Each structure stands twice: as C-alpha cells, then as structure tokens.
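Here is the structure we will look at, set down as structure tokens.
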Amino acid sequence: DSYNWGAGMHRINTAAGFIKGNMPLGHGGSLSDQEAWDVAAFMNSHERPQDPRFEGDVNATRERFHQHPGFYGRELNGKILGRDNTDQ
C-alpha cells in the first residue's frame with residue numbers, strides 16, 4: 001500500500017522536505033536539495049491510490065484540490081496520473 005493522491009506526501013515540495021531530513025535511513029540531511037527533489041519527483045511520478053476527494057473527473061479534481069507542485073492529473077510518460085484509479 002502507498003499514500004494516496006490526497007495525502008500531503010504527493011506534493012513534491014512536502015516529500016522533498018521529508019526526504020532531505022530523513023533519508024537515507026540514519027543519515028538524514030546528507031542529500032542536497034536537488035537530490036531530495038529528484039527523489040520526490042521520481043516517487044510521485046508513479047500512480048498512487050485515488051484522491052478520496054475524487055469528484056468523478058481527474059481534471060475537475062485537479063482544478064479544485066491540486067493547485068500546487070505535483071503530478072496528479074498531469075500527463076507523464078504518455079499517461080494521465082490519477083486516471084488509472086478512477087474506480088476507487
């Protein structure tokens with residue numbers, strides 16, 4: 001299981017801050033800002049469980065709830081992230 005699109009960790013800046021302070025395990029603070037952002041972007045560029053606030057349409061949900069740096073509802077590698085989990 002993984003965090004869903006509605007969790008704060010799906011925001012790249014939130015995930016990068018956590019990663020920089022806590023990873024790698026036992027060596028928090030050893031990554032540069034860029035490395036932490038790269039890891040966060042990689043993690044969040046994969047499909048996640050649907051946002052529990054999903055309104056039946058990825059674009060509408062993105063417009064209402066995802067006005068921040070993140071990949072929900074954006075096309076990446078030929079697919080719209082969030083669209084594969086519309087049945088949840």
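We name chains A, B, ... following the order of the structure tokens; residues begin at 1 in each chain, and ligands are numbered from 1 as shown.
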| message | What parts of region 1-87 of chain A does DSSP call helix (DSSP H, G or I)? I'd like the answer as an MDAnalysis selection string. | response | chainID A and resid 8:10 12:22 33:43 58:65 83:85
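With only C-alpha atoms taken into account, the protein and nucleic acid residues at most 9 Å from Arg11 (chain A) (excluding it and anything under 2 positions from it in its own chain) are Trp5, Ala7, Gly8, Met9, Asn13, Thr14, Ala15, Ala16, Ala40, Ala41, Asn44, His66, His68, Pro69, Gly70 and Phe71 of chain A.
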May I have the selected residues written with C-alpha atoms, as a PDB file, in the first residue's frame?
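File written: selection-v9.pdb
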```
ATOM      1  CA  TRP A   5      -3.141  11.350  -4.239  1.00  0.00           C
ATOM      2  CA  ALA A   7      -2.031  12.839   1.063  1.00  0.00           C
ATOM      3  CA  GLY A   8       0.426  15.657   1.634  1.00  0.00           C
ATOM      4  CA  MET A   9       3.363  13.490   0.553  1.00  0.00           C
ATOM      5  CA  ASN A  13       7.877  20.033  -2.001  1.00  0.00           C
ATOM      6  CA  THR A  14       6.441  18.209   1.037  1.00  0.00           C
ATOM      7  CA  ALA A  15       8.010  14.893   0.036  1.00  0.00           C
ATOM      8  CA  ALA A  16      11.356  16.574  -0.735  1.00  0.00           C
ATOM      9  CA  ALA A  40      10.453  13.142  -4.540  1.00  0.00           C
ATOM     10  CA  ALA A  41       9.688  13.729  -8.217  1.00  0.00           C
ATOM     11  CA  ASN A  44       5.461  10.875  -7.161  1.00  0.00           C
ATOM     12  CA  HIS A  66      -4.297  20.171  -6.689  1.00  0.00           C
ATOM     13  CA  HIS A  68       0.444  23.032  -6.175  1.00  0.00           C
ATOM     14  CA  PRO A  69       3.631  21.359  -7.465  1.00  0.00           C
ATOM     15  CA  GLY A  70       2.575  17.791  -8.126  1.00  0.00           C
ATOM     16  CA  PHE A  71       1.773  15.327 -10.876  1.00  0.00           C
TER      17      PHE A  71
END
```
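Of the listed residues A:Leu81, A:Leu76, A:Val58, A:Ile12, the one whose atoms come nearest to Val39 (chain A) is A:Ile12, with distances taken using only C-alpha atoms.
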| request: Grab the CA of Asn77 (chain A) to CA of Ala36 (chain A) distance for me, in Å with one decimal place. | output: 21.3 Å
